[in-house]
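Student: One structure, as structure tokens, below. Some questions next.
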Amino acid sequence: TTEGAGYELPVELAALDGVSQHVSVLSGFGVTLDGRANIPHWTGVMSTLTGTVPAREGDVDAPTLDTLISASLGNTTRFRSIEISATGVPGQSYSRRSTSIVNAAAVSPLELYTRVFGPGFADPNDSSFEPDPRTLLRKSALSAVLEDTKRLESRLGSHDRQRLDQYLTSLRQLEQQIEISLTPPNLEGCAKPAAPADGAIGSDLETAVATHDTMVGLLVAALLCDQTRVFNVTFSWGTSELRKQGTDTAHHQLTHDEVVDPQLGYQPHATEYVLASMAAWSAFVERLASTPEGAGTLLDSCLVLGHSESSFAKSHSIAGLPVMLAGSASGRVKPGLHVSGNGEPVTRIGLTIQQALGLAVESWGTKSMQTARPVSEILA
């Protein structure tokens, strides 16, 4: 209810106490449907991330924000982006280049560790590093394949070109990984972490929280070692299957079945999962804020978007979508503010993020969601 700095925390955001100075709450930004249906668990999140209201469930009519950003920021790192999911399903990733191209998530700490810090990792602070001759040979072979595919591309139809583009993108990332491994940069804060145990994964709430916490630690190490500069973390999917041990009803079902307590003004059992989600978000922000990097912290260098796909899950409302930003993007964003959007399109936030991260974009979104107005209150 209070705008600007020092905003009051409602029940759902109580976990932010202690990190609210790092987090801006952007309330009241929503989706204009332009005659299209509100597709439960899809319209809200895809409108936020692509600037376009999808026509059908599963449609991704434009690349998601992270893929736009990784095309700019991901060209000098081993991985353009890293995706993780805390509940054990690789396909539960909102990072998408199109309807058919999904950046699948790592779902276990050991899987993430092996991918980032396994045999392909070159310690940038190892003075005895020498390039592996097999890596040089592999790079040469990849270059030859890419030349052949350019000739093939001109003879393909649109669908096959899209499939080829997906394949080429993966090859380009592989070449990029090889290039970085040949000449690793010198990074003082980089330290290879210990390998995690191969533990349980799944939608049990305690398990998901533990998985999230461990993978966040590995992600922080990956950022410090400049393995990536873009990341996506799914704590729970829109149709959340999070559940507590000994209970039969999952979070998603509770949001529809449980009545609102007239004294509290909210659904007490469903809200327990909201509180757990916000506690995980707060712990993530705190982890970044407490990690030194250069003259400041890792969070100082970051801009992290936190979002949900509905404002009131019981009715799948997409008015006033919950959106938060953490970090200051190296001084380009002012954190710790509450800004009310007063019903304006959520695309204003996506435009702000892109401009703060240096992308040359003057407007973003389609139809009534198109905007050329960033959220100027948070821009430094």
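In the structure tokens, each chain is lettered A, B, ... as it comes, each chain's residues begin at 1, and ligands are numbered from 1 in order of appearance.
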Can you tell me which residues surround A:Arg163 at a distance of at most 10 Å, considering only C-alpha atoms, apart from same-chain residues fewer than 6 positions away, and format the answer as a short mmCIF file (atom, residue, chain, number, x, y, z; two decimals) with all heavy atoms, in the first residue's frame?
Tutor:
data_model
loop_
_atom_site.label_atom_id
_atom_site.label_comp_id
_atom_site.auth_asym_id
_atom_site.auth_seq_id
_atom_site.Cartn_x
_atom_site.Cartn_y
_atom_site.Cartn_z
N SER A 100 8.37 -24.48 -30.04
CA SER A 100 9.01 -25.80 -30.06
C SER A 100 10.42 -25.82 -29.50
O SER A 100 11.00 -26.89 -29.31
CB SER A 100 9.04 -26.33 -31.50
OG SER A 100 9.77 -25.45 -32.34
N ILE A 101 11.01 -24.67 -29.24
CA ILE A 101 12.40 -24.63 -28.77
C ILE A 101 12.42 -24.21 -27.30
O ILE A 101 12.19 -23.04 -26.96
CB ILE A 101 13.25 -23.68 -29.62
CG1 ILE A 101 13.22 -24.12 -31.08
CG2 ILE A 101 14.69 -23.66 -29.11
CD1 ILE A 101 13.99 -23.21 -32.02
N THR A 169 22.15 -23.39 -33.21
CA THR A 169 22.32 -22.66 -31.95
C THR A 169 23.07 -23.51 -30.94
O THR A 169 23.96 -23.02 -30.24
CB THR A 169 20.95 -22.25 -31.38
OG1 THR A 169 20.31 -21.37 -32.31
CG2 THR A 169 21.12 -21.53 -30.05
#
Student: List the spatial neighbours of A:Arg229 as a list in words - criterion: any atom at most 9 Å away, only C-alpha atoms, same-chain residues fewer than 6 positions off excluded.
Tutor: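 Contacts, in chain order: Ser70, Leu73, Gly74, Thr77, Phe79, Arg80, Ser81, Ile82, Ala222, Leu223 and Cys302 of chain A.
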Student: Considering only C-alpha atoms, state which residue in the set A:Glu344, A:Asp66, A:Asp17, A:Glu286 is at the smallest distance from A:Val220.
Tutor: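 Among the listed residues, A:Glu286 lies closest to A:Val220.
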Student: Skip stretch 303-312 of chain A itself and residues of its chain fewer than 2 positions away, then list as a VMD selection string all residues within 7 Å of it, counting only C-alpha atoms.
Tutor: chain A and resid 41 to 42 44 to 45 238 314 to 329
Student: I want to know what sits within 12 Å of stretch 269-274 of chain A, based on only C-alpha atoms, with residues of the same chain fewer than 3 positions away left out; could you give that as a PyMOL selection string?
Tutor: chain A and resi 11-15+203-206+208-209+235-236+240-244+247+249-261+264-266+277-281+308+311-314+322
Student: One decimal, in Å: what's the spacing between atom CA of A:Arg97 and atom CA of A:Gly58?
Tutor: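 For atom CA of A:Arg97 relative to atom CA of A:Gly58, the distance reads 12.5 Å.
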Student: When DSSP works through the backbone of this structure, what residues of stretch 184-333 of chain A end up as strand (DSSP E), shown as a list of chain:residue names?
Tutor: A:Phe231, A:Asn232, A:Val233, A:Thr234, A:Pro292, A:Glu293, A:Gly296, A:Thr297, A:Val304, A:Leu305, A:Gly306, A:His307, A:Val323, A:Met324, A:Leu325, A:Ala326
Student: Got time to write the residues from that selection, all heavy atoms, as a short mmCIF file (atom, residue, chain, number, x, y, z; two decimals), in the first residue's frame?
Tutor:
data_model
loop_
_atom_site.label_atom_id
_atom_site.label_comp_id
_atom_site.auth_asym_id
_atom_site.auth_seq_id
_atom_site.Cartn_x
_atom_site.Cartn_y
_atom_site.Cartn_z
N PHE A 231 20.56 -16.62 -16.27
CA PHE A 231 20.08 -17.84 -15.63
C PHE A 231 18.57 -17.78 -15.45
O PHE A 231 17.96 -16.71 -15.40
CB PHE A 231 20.77 -18.06 -14.28
CG PHE A 231 20.68 -16.88 -13.34
CD1 PHE A 231 19.57 -16.69 -12.53
CD2 PHE A 231 21.72 -15.97 -13.26
CE1 PHE A 231 19.50 -15.61 -11.67
CE2 PHE A 231 21.67 -14.88 -12.40
CZ PHE A 231 20.55 -14.70 -11.61
N ASN A 232 17.97 -18.96 -15.36
CA ASN A 232 16.53 -19.11 -15.13
C ASN A 232 16.33 -20.13 -14.03
O ASN A 232 16.85 -21.24 -14.11
CB ASN A 232 15.83 -19.61 -16.40
CG ASN A 232 15.98 -18.64 -17.55
OD1 ASN A 232 15.21 -17.72 -17.69
ND2 ASN A 232 17.00 -18.86 -18.37
N VAL A 233 15.56 -19.76 -13.02
CA VAL A 233 15.30 -20.65 -11.90
C VAL A 233 13.79 -20.82 -11.77
O VAL A 233 13.06 -19.84 -11.60
CB VAL A 233 15.86 -20.08 -10.58
CG1 VAL A 233 15.56 -21.03 -9.42
CG2 VAL A 233 17.36 -19.82 -10.69
N THR A 234 13.31 -22.06 -11.87
CA THR A 234 11.90 -22.35 -11.61
C THR A 234 11.80 -23.00 -10.24
O THR A 234 12.28 -24.11 -10.04
CB THR A 234 11.32 -23.30 -12.67
OG1 THR A 234 11.52 -22.74 -13.96
CG2 THR A 234 9.84 -23.54 -12.44
N PRO A 292 30.77 -11.72 -2.14
CA PRO A 292 31.61 -10.62 -2.64
C PRO A 292 31.99 -10.84 -4.11
O PRO A 292 32.21 -11.97 -4.55
CB PRO A 292 32.86 -10.70 -1.75
CG PRO A 292 32.46 -11.53 -0.57
CD PRO A 292 31.42 -12.49 -1.07
N GLU A 293 32.04 -9.76 -4.85
CA GLU A 293 32.56 -9.78 -6.23
C GLU A 293 33.10 -8.39 -6.53
O GLU A 293 32.37 -7.40 -6.47
CB GLU A 293 31.48 -10.15 -7.24
CG GLU A 293 32.08 -10.30 -8.65
CD GLU A 293 31.03 -10.53 -9.72
OE1 GLU A 293 30.04 -9.78 -9.76
OE2 GLU A 293 31.21 -11.45 -10.53
N GLY A 296 32.16 -4.85 -4.82
CA GLY A 296 30.84 -4.94 -4.21
C GLY A 296 30.42 -6.39 -4.01
O GLY A 296 31.20 -7.22 -3.56
N THR A 297 29.17 -6.67 -4.36
CA THR A 297 28.64 -8.02 -4.23
C THR A 297 28.16 -8.52 -5.58
O THR A 297 27.99 -7.76 -6.53
CB THR A 297 27.46 -8.07 -3.25
OG1 THR A 297 26.33 -7.41 -3.84
CG2 THR A 297 27.82 -7.40 -1.93
N VAL A 304 17.72 -9.36 -11.35
CA VAL A 304 16.99 -10.63 -11.31
C VAL A 304 15.49 -10.36 -11.29
O VAL A 304 14.99 -9.62 -10.44
CB VAL A 304 17.38 -11.46 -10.06
CG1 VAL A 304 16.81 -12.86 -10.18
CG2 VAL A 304 18.89 -11.51 -9.90
N LEU A 305 14.79 -10.95 -12.23
CA LEU A 305 13.34 -10.83 -12.33
C LEU A 305 12.67 -11.98 -11.60
O LEU A 305 12.93 -13.14 -11.88
CB LEU A 305 12.92 -10.85 -13.81
CG LEU A 305 11.42 -11.01 -14.13
CD1 LEU A 305 10.64 -9.79 -13.68
CD2 LEU A 305 11.22 -11.27 -15.61
N GLY A 306 11.81 -11.64 -10.63
CA GLY A 306 11.00 -12.64 -9.94
C GLY A 306 9.55 -12.44 -10.33
O GLY A 306 9.05 -11.32 -10.29
N HIS A 307 8.86 -13.51 -10.72
CA HIS A 307 7.49 -13.32 -11.23
C HIS A 307 6.63 -14.54 -10.98
O HIS A 307 7.13 -15.65 -10.75
CB HIS A 307 7.51 -13.01 -12.73
CG HIS A 307 8.12 -14.09 -13.56
ND1 HIS A 307 7.37 -15.11 -14.11
CD2 HIS A 307 9.41 -14.35 -13.90
CE1 HIS A 307 8.18 -15.92 -14.77
NE2 HIS A 307 9.42 -15.49 -14.66
N VAL A 323 5.29 -9.05 -9.55
CA VAL A 323 6.61 -8.93 -10.20
C VAL A 323 7.56 -8.23 -9.25
O VAL A 323 7.19 -7.24 -8.61
CB VAL A 323 6.52 -8.14 -11.52
CG1 VAL A 323 7.90 -8.07 -12.18
CG2 VAL A 323 5.52 -8.77 -12.48
N MET A 324 8.78 -8.75 -9.16
CA MET A 324 9.82 -8.11 -8.34
C MET A 324 11.13 -8.10 -9.11
O MET A 324 11.37 -8.95 -9.96
CB MET A 324 10.00 -8.86 -7.02
CG MET A 324 8.85 -8.68 -6.04
SD MET A 324 9.04 -9.67 -4.54
CE MET A 324 8.31 -11.22 -5.09
N LEU A 325 11.96 -7.13 -8.81
CA LEU A 325 13.31 -7.05 -9.37
C LEU A 325 14.30 -6.95 -8.22
O LEU A 325 14.09 -6.16 -7.28
CB LEU A 325 13.47 -5.83 -10.28
CG LEU A 325 12.71 -5.83 -11.61
CD1 LEU A 325 12.92 -4.51 -12.32
CD2 LEU A 325 13.16 -6.99 -12.49
N ALA A 326 15.36 -7.74 -8.27
CA ALA A 326 16.42 -7.67 -7.27
C ALA A 326 17.73 -7.28 -7.93
O ALA A 326 18.01 -7.67 -9.06
CB ALA A 326 16.57 -9.02 -6.56
#
Student: Considering only C-alpha atoms, return as a PyMOL selection string whatever protein or nucleic-acid residues lie within 10 Å of A:Val53, sequence-local ones (same chain, fewer than 6 positions apart) excluded.
Tutor: chain A and resi 31-39+42-47+59-62+365-369
Student: May I have the selected residues written with N, CA and C atoms, as a PDB file, in the first residue's frame?
Tutor:
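selection.pdb written:
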ATOM      1  N   VAL A  31      -2.089  -7.620 -17.910  1.00  0.00           N
ATOM      2  CA  VAL A  31      -2.145  -8.068 -19.297  1.00  0.00           C
ATOM      3  C   VAL A  31      -3.422  -7.563 -19.952  1.00  0.00           C
ATOM      4  N   THR A  32      -3.292  -6.961 -21.130  1.00  0.00           N
ATOM      5  CA  THR A  32      -4.439  -6.587 -21.955  1.00  0.00           C
ATOM      6  C   THR A  32      -4.625  -7.662 -23.005  1.00  0.00           C
ATOM      7  N   LEU A  33      -5.780  -8.332 -22.977  1.00  0.00           N
ATOM      8  CA  LEU A  33      -5.962  -9.535 -23.779  1.00  0.00           C
ATOM      9  C   LEU A  33      -6.251  -9.275 -25.255  1.00  0.00           C
ATOM     10  N   ASP A  34      -6.744  -8.095 -25.604  1.00  0.00           N
ATOM     11  CA  ASP A  34      -7.086  -7.791 -27.009  1.00  0.00           C
ATOM     12  C   ASP A  34      -8.010  -8.859 -27.606  1.00  0.00           C
ATOM     13  N   GLY A  35      -8.988  -9.286 -26.825  1.00  0.00           N
ATOM     14  CA  GLY A  35      -9.965 -10.236 -27.320  1.00  0.00           C
ATOM     15  C   GLY A  35      -9.579 -11.694 -27.192  1.00  0.00           C
ATOM     16  N   ARG A  36      -8.348 -11.977 -26.814  1.00  0.00           N
ATOM     17  CA  ARG A  36      -7.929 -13.366 -26.638  1.00  0.00           C
ATOM     18  C   ARG A  36      -8.324 -13.865 -25.249  1.00  0.00           C
ATOM     19  N   ALA A  37      -8.422 -15.182 -25.124  1.00  0.00           N
ATOM     20  CA  ALA A  37      -8.804 -15.781 -23.854  1.00  0.00           C
ATOM     21  C   ALA A  37      -7.640 -15.745 -22.871  1.00  0.00           C
ATOM     22  N   ASN A  38      -7.977 -15.701 -21.584  1.00  0.00           N
ATOM     23  CA  ASN A  38      -6.976 -15.855 -20.540  1.00  0.00           C
ATOM     24  C   ASN A  38      -6.751 -17.350 -20.332  1.00  0.00           C
ATOM     25  N   ILE A  39      -5.646 -17.852 -20.845  1.00  0.00           N
ATOM     26  CA  ILE A  39      -5.329 -19.279 -20.730  1.00  0.00           C
ATOM     27  C   ILE A  39      -4.685 -19.507 -19.363  1.00  0.00           C
ATOM     28  N   TRP A  42      -0.753 -19.859 -18.328  1.00  0.00           N
ATOM     29  CA  TRP A  42       0.078 -19.634 -19.508  1.00  0.00           C
ATOM     30  C   TRP A  42       0.053 -18.176 -19.964  1.00  0.00           C
ATOM     31  N   THR A  43      -1.127 -17.575 -20.037  1.00  0.00           N
ATOM     32  CA  THR A  43      -1.227 -16.201 -20.546  1.00  0.00           C
ATOM     33  C   THR A  43      -0.400 -15.228 -19.712  1.00  0.00           C
ATOM     34  N   GLY A  44      -0.509 -15.320 -18.396  1.00  0.00           N
ATOM     35  CA  GLY A  44       0.193 -14.367 -17.532  1.00  0.00           C
ATOM     36  C   GLY A  44       1.693 -14.433 -17.671  1.00  0.00           C
ATOM     37  N   VAL A  45       2.252 -15.654 -17.614  1.00  0.00           N
ATOM     38  CA  VAL A  45       3.704 -15.788 -17.633  1.00  0.00           C
ATOM     39  C   VAL A  45       4.268 -15.491 -19.018  1.00  0.00           C
ATOM     40  N   MET A  46       3.594 -15.948 -20.084  1.00  0.00           N
ATOM     41  CA  MET A  46       4.126 -15.707 -21.422  1.00  0.00           C
ATOM     42  C   MET A  46       3.965 -14.248 -21.847  1.00  0.00           C
ATOM     43  N   SER A  47       2.913 -13.587 -21.393  1.00  0.00           N
ATOM     44  CA  SER A  47       2.769 -12.160 -21.684  1.00  0.00           C
ATOM     45  C   SER A  47       3.863 -11.361 -20.991  1.00  0.00           C
ATOM     46  N   ASP A  59       1.565 -21.976 -26.775  1.00  0.00           N
ATOM     47  CA  ASP A  59       2.144 -21.092 -27.797  1.00  0.00           C
ATOM     48  C   ASP A  59       3.171 -20.147 -27.178  1.00  0.00           C
ATOM     49  N   VAL A  60       4.267 -19.968 -27.889  1.00  0.00           N
ATOM     50  CA  VAL A  60       5.283 -18.971 -27.526  1.00  0.00           C
ATOM     51  C   VAL A  60       5.540 -18.172 -28.795  1.00  0.00           C
ATOM     52  N   ASP A  61       4.888 -17.025 -28.912  1.00  0.00           N
ATOM     53  CA  ASP A  61       4.878 -16.281 -30.170  1.00  0.00           C
ATOM     54  C   ASP A  61       6.094 -15.386 -30.370  1.00  0.00           C
ATOM     55  N   ALA A  62       6.919 -15.249 -29.345  1.00  0.00           N
ATOM     56  CA  ALA A  62       8.142 -14.453 -29.441  1.00  0.00           C
ATOM     57  C   ALA A  62       9.140 -15.014 -28.430  1.00  0.00           C
ATOM     58  N   GLY A 365       6.779  -5.440 -27.129  1.00  0.00           N
ATOM     59  CA  GLY A 365       5.428  -5.951 -27.008  1.00  0.00           C
ATOM     60  C   GLY A 365       4.655  -5.809 -28.305  1.00  0.00           C
ATOM     61  N   THR A 366       3.456  -6.392 -28.330  1.00  0.00           N
ATOM     62  CA  THR A 366       2.605  -6.329 -29.508  1.00  0.00           C
ATOM     63  C   THR A 366       1.209  -5.853 -29.133  1.00  0.00           C
ATOM     64  N   LYS A 367       0.497  -5.299 -30.131  1.00  0.00           N
ATOM     65  CA  LYS A 367      -0.877  -4.808 -29.968  1.00  0.00           C
ATOM     66  C   LYS A 367      -0.964  -3.868 -28.767  1.00  0.00           C
ATOM     67  N   SER A 368      -1.961  -4.061 -27.900  1.00  0.00           N
ATOM     68  CA  SER A 368      -2.126  -3.152 -26.762  1.00  0.00           C
ATOM     69  C   SER A 368      -1.033  -3.303 -25.718  1.00  0.00           C
ATOM     70  N   MET A 369      -0.257  -4.364 -25.821  1.00  0.00           N
ATOM     71  CA  MET A 369       0.848  -4.587 -24.884  1.00  0.00           C
ATOM     72  C   MET A 369       2.125  -3.874 -25.321  1.00  0.00           C
TER      73      MET A 369
END
